[in-house]
Every structure is written in structure tokens, then in C-alpha cells.
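Encoded as C-alpha cells, the structure appears first; notes follow it.
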Amino acid sequence: MSPLLKQRIELLSQAALQDDLRQAMHGIEKESLRIDARGTLSQQPHPPAWGSALTHPSITTDYSEALVELITPVTGDIDELFGELDRIHRFVYSELGDELLWTESMPCILPARDDDIPIAWYGTSNVGMLKHVYRRGLAVRYGKPMQCIAGIHYNFSLAPGLWQALQRQDGDARSAQDYQSERYVALIRNFRRYAWLLMYLFGASPALCASFLQGREHQLQPLGDKGLYLPHATSLRMSDLGYNNDAQSGLSVCYNSLESYIASMRKAISLPYPRYAELGTHDADGQWQQLNTNLLQIENEFYSSIRPKRVTRSGEKPVQALAERGVEYVEVRCLDIDPFLPLGIEPATAYFLDSFLLFCALAESPAMSDEECRTSSENFDLTVMRGREPGLQLTRKGQPCELLTWGEHLLDNMAACAALLDQAHGTRAYSDSLARQRAKLQDPALTPSARVLAAIHEQGDSFFRFAMDQSENHRDHFRSRPLSDAEQQHFRELARQSLADQLALEQGDTLDFDTYVARYLAQ
């Protein structure tokens, strides 16, 4: 352990800061495709009983009308976090009819024609149409199949009191907002250095349905009749087969300061891009098909494994919120759905992520050179494609280093952070989770990606049959545990209120949509 990391951990071990340690906040956003009983993408609209996808606080959609996103409230208690995610799932299944939620990150059987993948609809209000047109832009830029990939986002923040204590220790004279923002950006730099470890430990998409790559070149191997895979892959979802984006390949964002990140985003959302300009903002029928013809329509189009975040006000762009009020939390975006878990994620993963993110926050985090940015991306890419390959070498400080050796070293350094959180919460859960991940380094067969391939082989090498069986098992798991009458009524009231809120937005608009888009983009 470095002297600086040791000094910071000793500071946070003080009794006066234990309450601040317990006030780390968490939220989970979990995406799932709706499928019919045959395992094909649902063509049905977002179920009305779920409420409005635009205004419901817990049940919305991402890209497709069939890609539901379930969002927990923010909480400091991990048991409460997973309890709420479980209740949302049970309500969703109570109103899902004969459909299921697909339990894989990589898509189910997709339609032969892109046109048959329904884009999410949010009603006729200006804000709803903005979300819809943005998704139409994603379709014309990247194709619809890529947008049907599902994952889990993990939101995390440390208590302001912790940042203030660290600021005093550093003798930093900046404002509390500026110090906190820059320390979150430093956390993100370390995350980018070490995120390959998360892909090894939690990647769960080593195989996919061949329909996802229909008409595209690839280097995957056949798996049964209708599957594709790589034998040592951990997360094809996070490879260039998944969120493939040639246009963004030249957009280098290494998070050396909040200002540089904001400048990069503002440049990208204002930089004309010739191929998109050829498409135009409107199609041949005069309908909106993308918000603008720049490299990015809005900041959310930038694909990254982690984002600095700030809760936005109504109509406010994310980059504007960051510029005015600084970083409030980080959003980890690289987690696959674990198909063996009904919720797609389990508390042990959250305990480990908290230790990992605390380590990223406390460890030294010098600015990243262009070379380190490149090697960090290469380490990530190698791990998602070949992470379980025996003897796989990554690049550490310019030198080759075996993945398993570096992973053990990182866990050794994280152990003090796990112990710190155990102490604050009066538990062994953080250290126990770290031990579970260490076992995966010692035996790659324990990783989710290896277990997925083993289970597929047991199903006669059928990716589809494995995924359908898991989807049906998880459906039965949730439907066998109905909500209480009071809980069911609570969710029905949320649905009713969300529909009323959407109607109020639609009736309250005073601007025409063209003017609304122009004002939104001009921020």
C-alpha cells in the first residue's frame, strides 16, 4: 500500500468519520428486453399498467419500446437497495401477461428487419418527443440492434463529509464543490485504469445469438446452430461487437479535469460530422430523424464505462449541470446482467463495487497521458475478448503483466478499503465479497462468463435454450412471491400518477417542437 493511500485510510478510520462512511449512497438501473413466449423481441407497447415511461420514477424504457429499465430509489442501505429492486420486479411481472424479461445482456432473437425493432415512445410532449427523436438518431447512426443490448448501471457517491475531511488533510484551498468534483474525476481515472478487473470478475456475456450480427463481419466462433461465442471472452457486450461506434473512436476523453471533460463533451456535441450531415435532421417525409448532425446529438450518446453525474433540473443538459454545480456521483455502466441471478446482480457485487470505488477514490490518481489512455483501453478490450485466456498479459506501467497477478495485487490493495467499510457497518460483508472475487482469480471457472459457457454446453450448445430457461425460471421466481396488497396498490398509484404527469406535460407545452429543440441544444 502506498503511503498516501495508507494516510487516507487512517484518516477515514477515525470514529468521527464512521457515520460519513455509512452514508455512501447507491442506486441501480437495470435494463431487460421484453420477449414473447417464443423468445423473440416483443412488438407490444410499454404495458399501460406500468405507467408512463416518461414520468414514472422506477419503470421506464431505454432505447426500444421493448427495453424496460427498472430504477431503484437512491439509498445508503444495500439490503434496502436490493429489496426495492426485488419489489419493482415483482410488480412488473404481475402486469406482464404472457411475456418474459430476457435474462441476458446480449439480445434475444431480433427481427430480420431493423424496422421491426420498435423505438421507445414517450408521448407527444416536447420533452417526450426529444427523447424519441434522440433514439431515432441512434437508429440512423448506429443501427437498431446495438441499442437492444441491456446492462446494469450502478450509481455511487461518497458523503460530502468524507470529501471535506480529505480536503482538510490535503490542505486544499479550493471550494468544497471544486475539490469534490476533481476527486470524483480522479476516481474515474483510476476506474479507467482498473475497470478491466470488473470485466474479468463480473462479465457474463461470452456468447450471443447470431441474429444480433446478421450481415456484419465478425471473428466469433459458431456455438450450436444459432449462437456465436469466443472461448475466453468475458463480456462481448462491452467489446466493439456491442457498443461499436466508429464515429466516436477519435473522441479521446481521459478525464484529467472536470473542465477538460466538459470541454470535450461540448466540442463533440457542436462538431459537425459529415456522414450525419448527409443524413440531415429530417427524413424524406419531413419527419425528425436526429436532433442535429454533430458528432454527438447530446452527451448521453458518448459511450463510456463510467460517467460523472449530477442530477439535472427540468430541461437542463447534463454537461450544463456539471459545469454549474459539479460532480455529485458516478455512474458505473459496464456491468453485464448475470443470468444466474433473478435480479441480474446480487448484494455481494455491490459490496465489492463499494470497496473498488472507494479504493479508486483514495489511491493516487495522476493525470493520464495519451499513452496511458490507450493502454488502459487496450487492457479493457483484451479482458472482454480474452480475459480467461491462460497467461493473458496486460500492460501495467508500460510493462507486460499477467492479468491474474495484477488482479491479486489490486485486491491486496483494496483489502484495507473493504476492512474500512466493514468497520463502519459492523459487518464482514465487504471483506467476504472481496474473498469471493479472489477465488475467481484463482479459478477462472468460477467467473460468470465461464459458468455461462458451461451451462450452454450442458444445453447442447444452445445459447437460446439456456437463456430461455433462465428467463422462465426467473419469471417463476418473481411470480411465486406476489406483493402484498398495500405494495401492489403503491405501485399502481405510482403508475396512475405518472400517466397524469405525462398528460400535464403534454397539455402544458407552449413552444412548438422545433423551437424547443433549438433552445435545448443552445444551452
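Residue numbering restarts at 1 for every chain of the C-alpha cells, chains are lettered A, B, ... in their displayed order, and ligands are numbered from 1 as they appear.
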
query: Can you list, as a list in words, every protein, DNA or RNA residue that comes within 8 Å of region 157-173 of chain A when you count only C-alpha atoms, leaving out same-chain residues fewer than 2 positions away?
result: Arg8, Leu11, Leu12, Leu17, Asp20, Leu21, Gln23, Ala24, Met25, His26, Asn155, Ser175, Ala176, Tyr179, Gln180, Glu328, Tyr329 and Val330 of chain A

Selection to disk with N, CA, C and O atoms, as a compact mmCIF listing (two decimals), in the first residue's frame:
# COMPACT_ATOMS: atom_id res chain seq x y z
N ARG A 8 -4.69 8.19 3.96
CA ARG A 8 -6.12 8.49 3.78
C ARG A 8 -7.00 7.46 4.48
O ARG A 8 -8.04 7.81 5.06
N LEU A 11 -7.06 8.19 8.14
CA LEU A 11 -7.96 9.31 8.42
C LEU A 11 -9.40 8.84 8.51
O LEU A 11 -10.13 9.17 9.47
N LEU A 12 -9.83 8.04 7.53
CA LEU A 12 -11.22 7.62 7.50
C LEU A 12 -11.54 6.55 8.54
O LEU A 12 -12.72 6.23 8.75
N LEU A 17 -15.59 9.80 11.69
CA LEU A 17 -15.96 9.72 10.28
C LEU A 17 -16.71 8.44 9.94
O LEU A 17 -17.05 8.22 8.77
N ASP A 20 -20.08 9.15 8.37
CA ASP A 20 -19.94 9.59 6.97
C ASP A 20 -19.68 8.41 6.05
O ASP A 20 -20.21 8.37 4.93
N LEU A 21 -18.87 7.46 6.50
CA LEU A 21 -18.62 6.27 5.67
C LEU A 21 -19.91 5.51 5.40
O LEU A 21 -20.10 4.97 4.32
N GLN A 23 -22.73 6.71 5.01
CA GLN A 23 -23.66 7.50 4.20
C GLN A 23 -23.32 7.48 2.71
O GLN A 23 -23.84 8.30 1.94
N ALA A 24 -22.47 6.55 2.29
CA ALA A 24 -22.31 6.35 0.84
C ALA A 24 -23.67 5.97 0.26
O ALA A 24 -24.41 5.20 0.85
N MET A 25 -23.99 6.53 -0.89
CA MET A 25 -25.31 6.32 -1.48
C MET A 25 -25.20 5.47 -2.74
O MET A 25 -24.20 5.52 -3.45
N HIS A 26 -26.29 4.70 -3.00
CA HIS A 26 -26.29 3.77 -4.12
C HIS A 26 -27.62 3.82 -4.86
O HIS A 26 -28.66 4.09 -4.26
N ASN A 155 -24.95 3.36 -9.53
CA ASN A 155 -24.67 4.74 -9.15
C ASN A 155 -24.12 4.79 -7.73
O ASN A 155 -24.64 4.11 -6.84
N SER A 175 -12.84 25.60 -3.38
CA SER A 175 -14.17 25.44 -2.81
C SER A 175 -14.46 23.96 -2.63
O SER A 175 -13.87 23.10 -3.30
N ALA A 176 -15.39 23.65 -1.73
CA ALA A 176 -15.76 22.25 -1.49
C ALA A 176 -16.28 21.61 -2.77
O ALA A 176 -15.97 20.44 -3.07
N TYR A 179 -13.26 20.88 -5.14
CA TYR A 179 -12.44 19.77 -4.64
C TYR A 179 -13.17 18.44 -4.85
O TYR A 179 -12.58 17.49 -5.36
N GLN A 180 -14.45 18.39 -4.48
CA GLN A 180 -15.21 17.16 -4.63
C GLN A 180 -15.27 16.73 -6.09
O GLN A 180 -15.09 15.55 -6.41
N GLU A 328 -21.73 15.08 -8.61
CA GLU A 328 -22.49 14.64 -7.44
C GLU A 328 -22.29 13.15 -7.17
O GLU A 328 -22.28 12.70 -6.02
N TYR A 329 -22.13 12.37 -8.24
CA TYR A 329 -21.94 10.93 -8.09
C TYR A 329 -21.35 10.38 -9.38
O TYR A 329 -21.19 11.11 -10.36
N VAL A 330 -21.00 9.09 -9.38
CA VAL A 330 -20.53 8.45 -10.60
C VAL A 330 -21.50 7.33 -10.97
O VAL A 330 -22.15 6.73 -10.10

task: Enumerate the residues of region 212-415 of chain A with a DSSP assignment of strand (DSSP E or B), computed from the backbone, and present them as JSON, numbers by chain.
output: {"A": [221, 222, 223, 227, 228, 229, 235, 272, 282, 288, 294, 306, 307, 308, 309, 329, 330, 331, 332, 333, 334, 335, 393, 394, 395, 396, 399, 400, 401, 402]}

- prompt: When distances are computed from only C-alpha atoms, which of A:Ile109, A:Leu494, A:Leu392, A:Ala263 shows the smallest separation from Leu251 (chain A)?
  reply: A:Ala263

field: Neighbour list for region 34-40 of chain A as a list of chain:residue names, cut-off 6 Å, only C-alpha atoms, skip fewer than 2 positions in-chain
entry: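 Close residues of region 34-40 of chain A: A:Ser42, A:Ala66, A:Glu99, A:Leu100, A:Leu101, A:Ile109.
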
- request: as a ChimeraX atom specification, please: all residues of region 192-387 of chain A that backbone DSSP puts in helix (DSSP H, G or I).
  value: /A:192-202,210-213,236-238,246-250,258-268,274-279,299-301,318-325,347-362,370-386

Saved selection, atoms kept: C-alpha atoms, as a PDB file, in the first residue's frame:
ATOM      1  CA  ARG A 192     -10.414   3.501 -16.229  1.00  0.00           C
ATOM      2  CA  ARG A 193      -7.031   2.107 -15.186  1.00  0.00           C
ATOM      3  CA  TYR A 194      -8.546  -0.857 -13.354  1.00  0.00           C
ATOM      4  CA  ALA A 195     -12.002  -1.470 -14.884  1.00  0.00           C
ATOM      5  CA  TRP A 196     -10.628  -4.491 -16.757  1.00  0.00           C
ATOM      6  CA  LEU A 197     -10.782  -6.284 -13.385  1.00  0.00           C
ATOM      7  CA  LEU A 198     -14.556  -5.780 -13.208  1.00  0.00           C
ATOM      8  CA  MET A 199     -14.933  -7.297 -16.664  1.00  0.00           C
ATOM      9  CA  TYR A 200     -12.994 -10.391 -15.616  1.00  0.00           C
ATOM     10  CA  LEU A 201     -14.885 -10.787 -12.348  1.00  0.00           C
ATOM     11  CA  PHE A 202     -18.423  -9.917 -13.484  1.00  0.00           C
ATOM     12  CA  ALA A 210     -26.308 -14.985 -34.240  1.00  0.00           C
ATOM     13  CA  SER A 211     -29.276 -12.759 -35.195  1.00  0.00           C
ATOM     14  CA  PHE A 212     -27.516  -9.854 -33.467  1.00  0.00           C
ATOM     15  CA  LEU A 213     -24.695  -9.869 -36.015  1.00  0.00           C
ATOM     16  CA  LEU A 236     -18.904  -9.362 -25.642  1.00  0.00           C
ATOM     17  CA  ARG A 237     -21.410  -6.669 -24.659  1.00  0.00           C
ATOM     18  CA  MET A 238     -18.534  -4.317 -23.849  1.00  0.00           C
ATOM     19  CA  ASP A 246     -16.529   4.241 -35.273  1.00  0.00           C
ATOM     20  CA  ALA A 247     -17.553   7.884 -35.257  1.00  0.00           C
ATOM     21  CA  GLN A 248     -16.545   8.244 -31.613  1.00  0.00           C
ATOM     22  CA  SER A 249     -13.240   6.396 -31.979  1.00  0.00           C
ATOM     23  CA  GLY A 250     -11.359   9.674 -32.348  1.00  0.00           C
ATOM     24  CA  LEU A 258     -13.709  18.270 -14.968  1.00  0.00           C
ATOM     25  CA  GLU A 259     -13.094  21.268 -17.190  1.00  0.00           C
ATOM     26  CA  SER A 260     -11.386  19.145 -19.849  1.00  0.00           C
ATOM     27  CA  TYR A 261     -14.226  16.604 -19.735  1.00  0.00           C
ATOM     28  CA  ILE A 262     -16.854  19.335 -20.126  1.00  0.00           C
ATOM     29  CA  ALA A 263     -14.844  20.932 -22.956  1.00  0.00           C
ATOM     30  CA  SER A 264     -14.595  17.551 -24.732  1.00  0.00           C
ATOM     31  CA  MET A 265     -18.334  16.977 -24.446  1.00  0.00           C
ATOM     32  CA  ARG A 266     -19.205  20.482 -25.606  1.00  0.00           C
ATOM     33  CA  LYS A 267     -16.887  20.099 -28.584  1.00  0.00           C
ATOM     34  CA  ALA A 268     -18.411  16.735 -29.515  1.00  0.00           C
ATOM     35  CA  PRO A 274     -20.054  14.804 -42.464  1.00  0.00           C
ATOM     36  CA  ARG A 275     -21.812  11.425 -42.568  1.00  0.00           C
ATOM     37  CA  TYR A 276     -24.551  12.634 -40.221  1.00  0.00           C
ATOM     38  CA  ALA A 277     -24.836  15.883 -42.166  1.00  0.00           C
ATOM     39  CA  GLU A 278     -25.545  13.844 -45.304  1.00  0.00           C
ATOM     40  CA  LEU A 279     -28.484  12.247 -43.486  1.00  0.00           C
ATOM     41  CA  GLU A 299     -23.744  13.998 -24.198  1.00  0.00           C
ATOM     42  CA  ASN A 300     -25.558  10.740 -23.410  1.00  0.00           C
ATOM     43  CA  GLU A 301     -24.582   9.462 -26.839  1.00  0.00           C
ATOM     44  CA  PRO A 318     -26.163  17.032 -18.207  1.00  0.00           C
ATOM     45  CA  VAL A 319     -22.991  18.917 -19.131  1.00  0.00           C
ATOM     46  CA  GLN A 320     -24.596  22.186 -18.047  1.00  0.00           C
ATOM     47  CA  ALA A 321     -25.459  20.720 -14.644  1.00  0.00           C
ATOM     48  CA  LEU A 322     -21.863  19.522 -14.184  1.00  0.00           C
ATOM     49  CA  ALA A 323     -20.457  22.917 -15.196  1.00  0.00           C
ATOM     50  CA  GLU A 324     -22.671  24.838 -12.792  1.00  0.00           C
ATOM     51  CA  ARG A 325     -22.869  22.541  -9.756  1.00  0.00           C
ATOM     52  CA  PRO A 347     -25.587  -7.731  -2.879  1.00  0.00           C
ATOM     53  CA  ALA A 348     -22.098  -9.290  -2.847  1.00  0.00           C
ATOM     54  CA  THR A 349     -21.365  -7.494  -6.123  1.00  0.00           C
ATOM     55  CA  ALA A 350     -22.472  -4.189  -4.621  1.00  0.00           C
ATOM     56  CA  TYR A 351     -20.259  -4.724  -1.567  1.00  0.00           C
ATOM     57  CA  PHE A 352     -17.297  -5.354  -3.844  1.00  0.00           C
ATOM     58  CA  LEU A 353     -18.087  -2.357  -6.055  1.00  0.00           C
ATOM     59  CA  ASP A 354     -18.175  -0.106  -2.995  1.00  0.00           C
ATOM     60  CA  SER A 355     -14.721  -1.341  -1.944  1.00  0.00           C
ATOM     61  CA  PHE A 356     -13.414  -0.987  -5.504  1.00  0.00           C
ATOM     62  CA  LEU A 357     -14.799   2.547  -5.935  1.00  0.00           C
ATOM     63  CA  LEU A 358     -13.537   3.643  -2.503  1.00  0.00           C
ATOM     64  CA  PHE A 359     -10.102   2.359  -3.473  1.00  0.00           C
ATOM     65  CA  CYS A 360     -10.307   4.304  -6.759  1.00  0.00           C
ATOM     66  CA  ALA A 361     -11.246   7.416  -4.758  1.00  0.00           C
ATOM     67  CA  LEU A 362      -8.420   7.142  -2.224  1.00  0.00           C
ATOM     68  CA  ASP A 370      -2.372   9.773 -24.201  1.00  0.00           C
ATOM     69  CA  GLU A 371      -0.298   6.594 -23.996  1.00  0.00           C
ATOM     70  CA  GLU A 372      -1.854   5.548 -20.683  1.00  0.00           C
ATOM     71  CA  CYS A 373      -5.308   6.269 -22.048  1.00  0.00           C
ATOM     72  CA  ARG A 374      -4.536   3.995 -24.988  1.00  0.00           C
ATOM     73  CA  THR A 375      -3.097   1.154 -22.901  1.00  0.00           C
ATOM     74  CA  SER A 376      -5.996   1.351 -20.421  1.00  0.00           C
ATOM     75  CA  SER A 377      -8.438   0.935 -23.295  1.00  0.00           C
ATOM     76  CA  GLU A 378      -6.367  -1.937 -24.690  1.00  0.00           C
ATOM     77  CA  ASN A 379      -6.316  -3.688 -21.295  1.00  0.00           C
ATOM     78  CA  PHE A 380     -10.096  -3.367 -21.117  1.00  0.00           C
ATOM     79  CA  ASP A 381     -10.560  -4.659 -24.665  1.00  0.00           C
ATOM     80  CA  LEU A 382      -8.211  -7.605 -24.124  1.00  0.00           C
ATOM     81  CA  THR A 383     -10.102  -8.609 -20.989  1.00  0.00           C
ATOM     82  CA  VAL A 384     -13.555  -8.513 -22.561  1.00  0.00           C
ATOM     83  CA  MET A 385     -12.403 -10.613 -25.537  1.00  0.00           C
ATOM     84  CA  ARG A 386      -9.790 -12.919 -23.955  1.00  0.00           C
TER      85      ARG A 386
END

task: Take CA of Arg141 (chain A) and CA of Thr124 (chain A) and report the distance between them in Å, one decimal.
output: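 We find that CA of Arg141 (chain A) and CA of Thr124 (chain A) lie 23.3 Å from each other.
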
field: Residue neighbourhood Ile152 (chain A), 7 Å, only C-alpha atoms, exclusion window fewer than 3 positions, as a ChimeraX atom specification
entry: /A:29-31,333,335-337
